[in-house]
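**Q** Please see the structure below; I have some questions.
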Amino acid sequence: MAEGLLRHDAGERFDVESAGTKPSQVRPEAVAVMRELGIDISGHRSKHVDEFAGQRFDYVLTVCDNAKESCPIFPGATTTIHRNFEDPAALHGTEQERLCLFRRVRDEIRQYLQASLPTRQENPRTTL
């Protein structure tokens with residue numbers, strides 16, 4: 001969701017990549033709640049951080065404590081920004097409960113991104 005939000009809200013300012021330490025499928029709940037905002041992430045795929053080994057990034061954003069602890073070191077002058085969000089994929093509730101949690105986390109991530117990233121910079125490389 002973070003990749004989709006950042007591409008939508010600030011894609012002209014950032015070259016965005018998304019990866020995880022334990023990639024899996026893009027959850028249908030994430031696709032659904034992003035679609036509510038007019039953002040289509042159905043074509044996104046879950047990538048492992050190892051795909052980006054040795055590449056330079058201006059910013060690395062981590063969105064869970066596990067990722068922060070196991071994220072590789074990227075070369076160069078990388079600024080790392082961290083905030084732990086509840087993992088909505090871990091909820092084993094009803095469909096409506098899962099969608100509500102995905103919405104809440106989506107909105108928290110959006111607020112976090114808007115508050116944490118610089119407003120002016122030309123195409124820095126960012127990974128989430």
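Chain lettering (A, B, ...) mirrors the order of the structure tokens, residue numbering begins at 1 for each chain separately, and ligand numbering begins at 1 in order of display.
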Determine which residues of segment 12-60 of chain A receive a DSSP assignment of strand (DSSP E or B), computed from the backbone, and state them as a JSON list (two decimals) with C-alpha atoms, in the first residue's frame.
**A**
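Wrote it out as states_23.json, contents follow:
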```
[["chain", "number", "residue", "atom", "x", "y", "z"],
["A", 15, "ASP", "CA", 11.43, 6.97, -8.01],
["A", 16, "VAL", "CA", 9.71, 4.38, -5.80],
["A", 17, "GLU", "CA", 10.50, 0.72, -5.23],
["A", 20, "GLY", "CA", 10.00, -6.78, 1.94],
["A", 48, "HIS", "CA", 12.37, -9.33, -1.72],
["A", 59, "TYR", "CA", 15.59, 7.07, 1.45],
["A", 60, "VAL", "CA", 14.69, 3.70, 2.91]]
```
**Q** List the spatial neighbours of Ser116 of chain A as an MDAnalysis selection string - criterion: any atom at most 12 Å away, only C-alpha atoms, same-chain residues fewer than 2 positions off excluded.
**A** chainID A and resid 6 59:62 79:83 108:114 118:119
**Q** What does the distance from atom CA of Arg27 of chain A to atom CA of Leu117 of chain A come to in Å, to one decimal?
**A** 25.6 Å
**Q** Quick one: everything within 8 Å of Asp40 of chain A, counting only C-alpha atoms, minus sequence neighbours fewer than 5 positions away in the same chain. Send it as a list in words.
**A**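 Listed by chain and then number, they are Gly4, Val31, Met34 and Arg35 of chain A.
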**Q** Taking only C-alpha atoms into account, name the residue in A:Ser42, A:Phe57, A:Leu37, A:Glu29 that is nearest to Glu97 of chain A.
**A**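 Counting only C-alpha atoms, the residue closest to Glu97 of chain A is A:Glu29.
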**Q** Quick check, in Å to one decimal: how far apart do atom CA of Glu36 of chain A and atom CA of Met1 of chain A lie?
**A** 12.2 Å
**Q** Quick one: everything within 9 Å of Leu101 of chain A, counting only C-alpha atoms, minus sequence neighbours fewer than 4 positions away in the same chain. Send it as a PDB file with N, CA, C and O atoms, in the first residue's frame.
**A**
```
ATOM      1  N   GLU A  86       0.708  -1.633  12.440  1.00  0.00           N
ATOM      2  CA  GLU A  86       0.074  -2.923  12.663  1.00  0.00           C
ATOM      3  C   GLU A  86      -0.017  -3.647  11.325  1.00  0.00           C
ATOM      4  O   GLU A  86      -0.297  -3.029  10.296  1.00  0.00           O
ATOM      5  N   ASP A  87       0.218  -4.947  11.327  1.00  0.00           N
ATOM      6  CA  ASP A  87       0.157  -5.735  10.099  1.00  0.00           C
ATOM      7  C   ASP A  87      -1.283  -6.179   9.867  1.00  0.00           C
ATOM      8  O   ASP A  87      -1.763  -7.096  10.529  1.00  0.00           O
ATOM      9  N   PRO A  88      -1.992  -5.563   8.926  1.00  0.00           N
ATOM     10  CA  PRO A  88      -3.393  -5.930   8.718  1.00  0.00           C
ATOM     11  C   PRO A  88      -3.560  -7.341   8.175  1.00  0.00           C
ATOM     12  O   PRO A  88      -4.608  -7.961   8.371  1.00  0.00           O
ATOM     13  N   ALA A  89      -2.534  -7.879   7.540  1.00  0.00           N
ATOM     14  CA  ALA A  89      -2.615  -9.240   7.010  1.00  0.00           C
ATOM     15  C   ALA A  89      -2.631 -10.278   8.122  1.00  0.00           C
ATOM     16  O   ALA A  89      -3.024 -11.419   7.901  1.00  0.00           O
ATOM     17  N   LEU A  91      -4.508 -10.165  10.807  1.00  0.00           N
ATOM     18  CA  LEU A  91      -5.830 -10.267  11.425  1.00  0.00           C
ATOM     19  C   LEU A  91      -6.616 -11.420  10.813  1.00  0.00           C
ATOM     20  O   LEU A  91      -6.735 -11.526   9.591  1.00  0.00           O
ATOM     21  N   GLN A  96     -15.169  -7.958   6.740  1.00  0.00           N
ATOM     22  CA  GLN A  96     -15.408  -6.556   7.087  1.00  0.00           C
ATOM     23  C   GLN A  96     -14.383  -6.058   8.103  1.00  0.00           C
ATOM     24  O   GLN A  96     -13.885  -4.945   7.993  1.00  0.00           O
ATOM     25  N   GLU A  97     -14.040  -6.885   9.089  1.00  0.00           N
ATOM     26  CA  GLU A  97     -13.028  -6.499  10.078  1.00  0.00           C
ATOM     27  C   GLU A  97     -11.667  -6.321   9.413  1.00  0.00           C
ATOM     28  O   GLU A  97     -10.932  -5.371   9.726  1.00  0.00           O
ATOM     29  N   VAL A 105      -4.883   1.223   8.458  1.00  0.00           N
ATOM     30  CA  VAL A 105      -3.439   1.202   8.232  1.00  0.00           C
ATOM     31  C   VAL A 105      -3.095   1.985   6.965  1.00  0.00           C
ATOM     32  O   VAL A 105      -2.108   2.729   6.940  1.00  0.00           O
ATOM     33  N   ARG A 106      -3.897   1.844   5.930  1.00  0.00           N
ATOM     34  CA  ARG A 106      -3.680   2.629   4.692  1.00  0.00           C
ATOM     35  C   ARG A 106      -3.640   4.112   5.016  1.00  0.00           C
ATOM     36  O   ARG A 106      -2.738   4.841   4.592  1.00  0.00           O
TER      37      ARG A 106
END
```
